[in-house]
Amino acid sequence: MTLIMVVDDDQDLAEMLGIVLNGAGFEVDLVSRGDEVMDLFRAQSPDLVLLDVMLPGMTGIEVCRDIRAESMVPIVMLTAKGDTHDVVLGLEAGADDYMVKPFNPSELVARIKTRLRRQISESAGGLKIGDIAIDQLAHSIMREGKVIPLTRLEFDLLVALAKEPGRVFTREALLNEVWGYRHATDTRLVNVHVQRLRSKVEQDPENPELIVTVRGVGYKAGVPGTKEQ
Amino acid sequence: MISRKRPWRSSLVWRVTGNSVLLSLGIIWLVGSALFSQISSGIFEEKRSNSISDSQSSIRSIQVQMAVAQFQNDAGIRKIVDQMISVASISGNTAGREVALLHFPVVRPVKNNYERTSNLLSTKSIPEAFRTKVRTSTGLQWARTKITFLGGEKVNGIAVGGTVEIPNSGTYELYFLYGLTSQENTLTLIRNALWFTGLALIFLIGLVTWLVIRQVVIPVREAAEIAEQLSAGDLGRRMEVHGENEIARLGISFNEMALSMQQQISRLENLSRLQQRFVSDVSHELRTPLTTIRMASEVIYASRGSFSTKVSRSAELLIAQIDRFERLLADLLEVSRFDAEAAVMVVEPIDIVQLLRRTVDYLHPSRERIINIISDEETILVDADTRRIERIFRNLITNAIDHCEDKPVDITIVESEDAVAVGVRDYGVGFQEKDSHRLFDRFWRADPARARVRGGTGLGLSIALEDAKLHHGTLEAWGRLRRGAHFVLTIPKVAGIEMATHPISVVPESELSTIVNPEDSEEI
């Protein structure tokens, strides 16, 4: 059974989330304070965390950062503010996705399922991007024998780019392939994740060589040593 | 700053100093030359009268000697003449007196000619016109002349002439020439002194003016600099106030003004912050319960099959109204964000043609209506906020679909050097010309009697206009009743640049002939 941890200080909303998620076949753990999350998280090790931004005890952004420090579990932020600032802060703290209240419950369930499902179909073959070896079966990447820890979403993003080295992915195409969204134009989601991925895999994140920006279009896998625009 | 490049134009100090130097130059020039001419004419006049009286006594004594020498022979007379000349002439450059004794011009040579000049004096020293004047008059005559020596040396001088009768020889002209060298030296000295004094005076006047003006201008300049810093946002800047004069009062009032401005601004900033805070709090407080309501209603709606007809219909209405409420809340929050000037742009290069195609596909997946996208370019890159541009497109296209009455909708996208324009044209119900500017008012309805089109919040166009303005762009509307409407969004290609061109005119080409009074259309 898949366990989802719901962190929200609003009792009614948390209960309602429990009802909806139970109805979708998930098991739910409810937490109402930010400072209680980590203990329970370590004890239960949930498969996904739904995290409200405004929490008593400790903000959702801080909780998110703490979870990310120990685990690559998918995190979806719940925010009442659609403002760029809050969203970007959450994503930078390590969240994979965010939902702005009031959200459609069926969309929430769909997104949770997408986050839990392995997005890119697994193939046995090893992929390479630059000097990084991608092992799709082990779900890990290595540079010079050292494993670089990535979240599932970051891994999926890197694999999507590495699979088709010549192709320029628009942000919408990436949203579709990696996040599983249709008709979405939330480019912040893509931009922040690309930045996060770059900070982990690029030798110099200021001058990326593995994940190259194609101005006005999107991103593509780069070949290190050749400066492309 | 600028003052270094063109001090004359930009610095009051230099201008006033320059002007006062120029003016005093003129005045000193006038006074100096008047003074000099008076002094020089005085000196000359004195020398002249001295010379004339000196000559007068000399000539008289010579005339007497000559009269006494009547009975002398030639050698005796010659001796007297020699003696006379040598006595009369005083050599010396400064106070010298030269003598010339010249015979009246005659046809035949004179027997005993006593013509003599002192030293090396040349007869050229006495101009012919002056000699004539002396000959024809009885008294003494004088004239200015150039005393010329045989060596070629020339000095300015005064010539005084009279006539003398020499026995057995005839009438002679006797000239005394007085050099003006010493007077000229004195005048040169005076002129130099005047020049020096004048120049020193001008310099001093300039210096004094400069110092005095600086005293006045420095506080003014300081005020200007502080005003610049204030307007640049450094609201804490104040002028230093010394003493109790006018400048100090300027400083005090300036500082009072700055203080009240600072207070006003911080009050407004506070208000704006409070407003933003309020919006954000309302947002959070309203959204959380709305999320619960929404989820609860979805759960109820999902099992509506097991309810009675009344209850199941109620569940449907509930869902629909929650949708509407959500949209209204979102739009209201967006509007209040614009009002609080808290709207933030996320600018990135986007392909606006692709965005338009995608938005049309999304809004109209069934393709049952005809929506033409007319574009010469496959891609047009602009710096813009994707979310906002897409929202404008959604608003305009939804609007067109809602009002097109099943006629086709034409969407044109045209780029120019600095701008991109998107025109959305429908041929449906349209609106009255007089309403074209009220369309963008919040909650405005073209026909209050008619029900609002399904799903609209009444804020769409107002938000679209704000979004366009945020891009430094424009959103214009044209419409005629039953002939359709035309909305044109124009945004600059580079963020923040003012556009010079509008690639699409808001009045459709097919309607240009219908305009009677062009002024009406400009109002739109």
# chains A, B, ... in the order shown; residues from 1 in each chain; ligands from 1

call {"tool": "closest_atom_pairs", "arguments": {"of": "chain A", "to": "chain B", "cutoff": "12 Å", "atoms": "only C-alpha atoms", "output": "Markdown table"}}
result
| residue | atom | partner | partner_atom | distance |
| --- | --- | --- | --- | --- |
| A:Asp8 | CA | B:Thr288 | CA | 10.1 |
| A:Asp9 | CA | B:Thr288 | CA | 10.2 |
| A:Asp10 | CA | B:Thr288 | CA | 7.7 |
| A:Gln11 | CA | B:Thr292 | CA | 10.0 |
| A:Asp12 | CA | B:Thr292 | CA | 6.9 |
| A:Leu13 | CA | B:Thr292 | CA | 5.0 |
| A:Ala14 | CA | B:Thr292 | CA | 8.5 |
| A:Glu15 | CA | B:Thr292 | CA | 8.9 |
| A:Met16 | CA | B:Thr292 | CA | 6.2 |
| A:Leu17 | CA | B:Met295 | CA | 7.7 |
| A:Gly18 | CA | B:Met295 | CA | 10.5 |
| A:Ile19 | CA | B:Val299 | CA | 8.7 |
| A:Val20 | CA | B:Val299 | CA | 7.4 |
| A:Leu21 | CA | B:Met295 | CA | 10.6 |
| A:Asn22 | CA | B:Val299 | CA | 11.6 |
| A:Gly23 | CA | B:Val299 | CA | 9.1 |
| A:Ala24 | CA | B:Val299 | CA | 11.2 |
| A:Asp52 | CA | B:Thr288 | CA | 10.3 |
| A:Val53 | CA | B:His284 | CA | 10.5 |
| A:Met54 | CA | B:His284 | CA | 9.1 |
| A:Leu78 | CA | B:Thr288 | CA | 10.0 |
| A:Thr79 | CA | B:His284 | CA | 8.3 |
| A:Ala80 | CA | B:His284 | CA | 4.9 |
| A:Lys81 | CA | B:His284 | CA | 6.7 |
| A:Gly82 | CA | B:Ser283 | CA | 9.4 |
| A:Asp83 | CA | B:Val344 | CA | 8.3 |
| A:Thr84 | CA | B:Val344 | CA | 7.6 |
| A:His85 | CA | B:Val344 | CA | 9.0 |
| A:Asp86 | CA | B:Ser280 | CA | 11.2 |
| A:Val88 | CA | B:Val346 | CA | 11.3 |
| A:Met99 | CA | B:Thr291 | CA | 11.1 |
| A:Val100 | CA | B:Arg287 | CA | 9.0 |
| A:Lys101 | CA | B:Arg287 | CA | 5.7 |
| A:Pro102 | CA | B:Thr291 | CA | 4.3 |
| A:Phe103 | CA | B:Thr291 | CA | 6.3 |
| A:Asn104 | CA | B:Met295 | CA | 7.2 |
| A:Pro105 | CA | B:Met295 | CA | 5.7 |
| A:Ser106 | CA | B:Glu298 | CA | 8.5 |
| A:Glu107 | CA | B:Met295 | CA | 10.9 |
| A:Leu108 | CA | B:Met295 | CA | 10.2 |
| A:Val109 | CA | B:Met295 | CA | 11.4 |
| A:Thr170 | CA | B:Ile350 | CA | 10.1 |
| A:Arg171 | CA | B:Ile350 | CA | 10.3 |
| A:Glu172 | CA | B:Arg358 | CA | 9.9 |
| A:Ala173 | CA | B:Arg358 | CA | 11.8 |
| A:Arg182 | CA | B:Tyr362 | CA | 9.3 |
| A:His183 | CA | B:Tyr362 | CA | 6.5 |
| A:Ala184 | CA | B:Tyr362 | CA | 9.6 |
| A:Thr185 | CA | B:Arg387 | CA | 7.0 |
| A:Asp186 | CA | B:Arg387 | CA | 7.2 |
| A:Thr187 | CA | B:Thr386 | CA | 7.9 |
| A:Arg188 | CA | B:Val346 | CA | 8.8 |
| A:Asn191 | CA | B:Glu348 | CA | 10.5 |
| A:Thr213 | CA | B:Pro349 | CA | 11.2 |
| A:Val214 | CA | B:Pro349 | CA | 10.0 |
| A:Arg215 | CA | B:Pro349 | CA | 6.7 |
| A:Gly216 | CA | B:Pro349 | CA | 4.5 |
| A:Val217 | CA | B:Ile350 | CA | 6.8 |
| A:Gly218 | CA | B:Ile350 | CA | 9.2 |

call {"tool": "residues_around", "arguments": {"residues": "Glu70 of chain A", "least_positions_apart": "3", "cutoff": "12 Å", "atoms": "only C-alpha atoms", "output": "list of chain:residue names"}}
result
A:Met38, A:Phe41, A:Arg42, A:Ser45, A:Val63, A:Cys64, A:Arg65, A:Asp66, A:Ile67, A:Val73, A:Gly94, A:Pro149, A:Leu150, A:Thr151

call {"tool": "residues_around", "arguments": {"residues": "Pro56 of chain A", "least_positions_apart": "6", "cutoff": "9 Å", "atoms": "only C-alpha atoms", "output": "count of residues only"}}
result
5

call {"tool": "select_by_dssp", "arguments": {"residues": "segment 79-187 of chain A", "states": "helix (DSSP H, G or I)", "output": "PDB file with C-alpha atoms, in the first residue's frame"}}
result
ATOM      1  CA  THR A  84       6.015  33.482  -8.251  1.00  0.00           C
ATOM      2  CA  HIS A  85       8.084  34.169  -5.189  1.00  0.00           C
ATOM      3  CA  ASP A  86       6.509  31.484  -2.970  1.00  0.00           C
ATOM      4  CA  VAL A  87       6.392  28.939  -5.746  1.00  0.00           C
ATOM      5  CA  VAL A  88      10.019  29.413  -6.692  1.00  0.00           C
ATOM      6  CA  LEU A  89      11.119  29.263  -3.044  1.00  0.00           C
ATOM      7  CA  GLY A  90       9.337  25.933  -2.631  1.00  0.00           C
ATOM      8  CA  LEU A  91      10.784  24.473  -5.806  1.00  0.00           C
ATOM      9  CA  GLU A  92      14.269  25.658  -4.921  1.00  0.00           C
ATOM     10  CA  PRO A 105      -9.086  16.927  -6.181  1.00  0.00           C
ATOM     11  CA  SER A 106      -8.995  14.769  -9.286  1.00  0.00           C
ATOM     12  CA  GLU A 107      -6.064  16.798 -10.580  1.00  0.00           C
ATOM     13  CA  LEU A 108      -4.324  16.344  -7.243  1.00  0.00           C
ATOM     14  CA  VAL A 109      -4.771  12.598  -7.421  1.00  0.00           C
ATOM     15  CA  ALA A 110      -3.599  12.577 -11.036  1.00  0.00           C
ATOM     16  CA  ARG A 111      -0.461  14.483 -10.132  1.00  0.00           C
ATOM     17  CA  ILE A 112       0.271  12.263  -7.162  1.00  0.00           C
ATOM     18  CA  LYS A 113      -0.055   9.202  -9.386  1.00  0.00           C
ATOM     19  CA  THR A 114       2.245  10.744 -11.961  1.00  0.00           C
ATOM     20  CA  ARG A 115       4.824  11.494  -9.284  1.00  0.00           C
ATOM     21  CA  LEU A 116       4.656   7.921  -8.010  1.00  0.00           C
ATOM     22  CA  ARG A 152      13.282  10.884  -9.070  1.00  0.00           C
ATOM     23  CA  LEU A 153      12.079  13.904 -10.988  1.00  0.00           C
ATOM     24  CA  GLU A 154      15.587  15.209 -11.605  1.00  0.00           C
ATOM     25  CA  PHE A 155      16.583  11.758 -12.777  1.00  0.00           C
ATOM     26  CA  ASP A 156      13.630  11.614 -15.153  1.00  0.00           C
ATOM     27  CA  LEU A 157      14.462  15.065 -16.485  1.00  0.00           C
ATOM     28  CA  LEU A 158      18.080  14.087 -17.144  1.00  0.00           C
ATOM     29  CA  VAL A 159      17.064  10.789 -18.790  1.00  0.00           C
ATOM     30  CA  ALA A 160      14.537  12.560 -21.034  1.00  0.00           C
ATOM     31  CA  LEU A 161      17.243  14.906 -22.274  1.00  0.00           C
ATOM     32  CA  ALA A 162      19.939  12.195 -22.553  1.00  0.00           C
ATOM     33  CA  LYS A 163      17.740   9.819 -24.541  1.00  0.00           C
ATOM     34  CA  ARG A 171       9.496  23.608 -21.778  1.00  0.00           C
ATOM     35  CA  GLU A 172       6.018  22.382 -22.631  1.00  0.00           C
ATOM     36  CA  ALA A 173       7.416  19.161 -24.082  1.00  0.00           C
ATOM     37  CA  LEU A 174       9.363  18.568 -20.874  1.00  0.00           C
ATOM     38  CA  LEU A 175       6.272  19.292 -18.779  1.00  0.00           C
ATOM     39  CA  ASN A 176       4.492  16.715 -20.855  1.00  0.00           C
ATOM     40  CA  GLU A 177       7.211  14.048 -20.823  1.00  0.00           C
ATOM     41  CA  VAL A 178       8.627  14.445 -17.328  1.00  0.00           C
ATOM     42  CA  TRP A 179       5.758  15.824 -15.296  1.00  0.00           C
ATOM     43  CA  THR A 187       7.670  27.321 -17.221  1.00  0.00           C
TER      44      THR A 187
END

call {"tool": "residues_around", "arguments": {"residues": "Glu225 of chain B", "least_positions_apart": "6", "cutoff": "10 Å", "atoms": "only C-alpha atoms", "output": "VMD selection string"}}
result
chain B and resid 219 231 237 239

call {"tool": "residues_around", "arguments": {"residues": "segment 94-103 of chain B", "least_positions_apart": "4", "cutoff": "10 Å", "atoms": "only C-alpha atoms", "output": "number ranges by chain"}}
result
B: 51, 55, 81, 84-90, 110, 113-123, 125-126, 131, 147, 157-166, 169-185
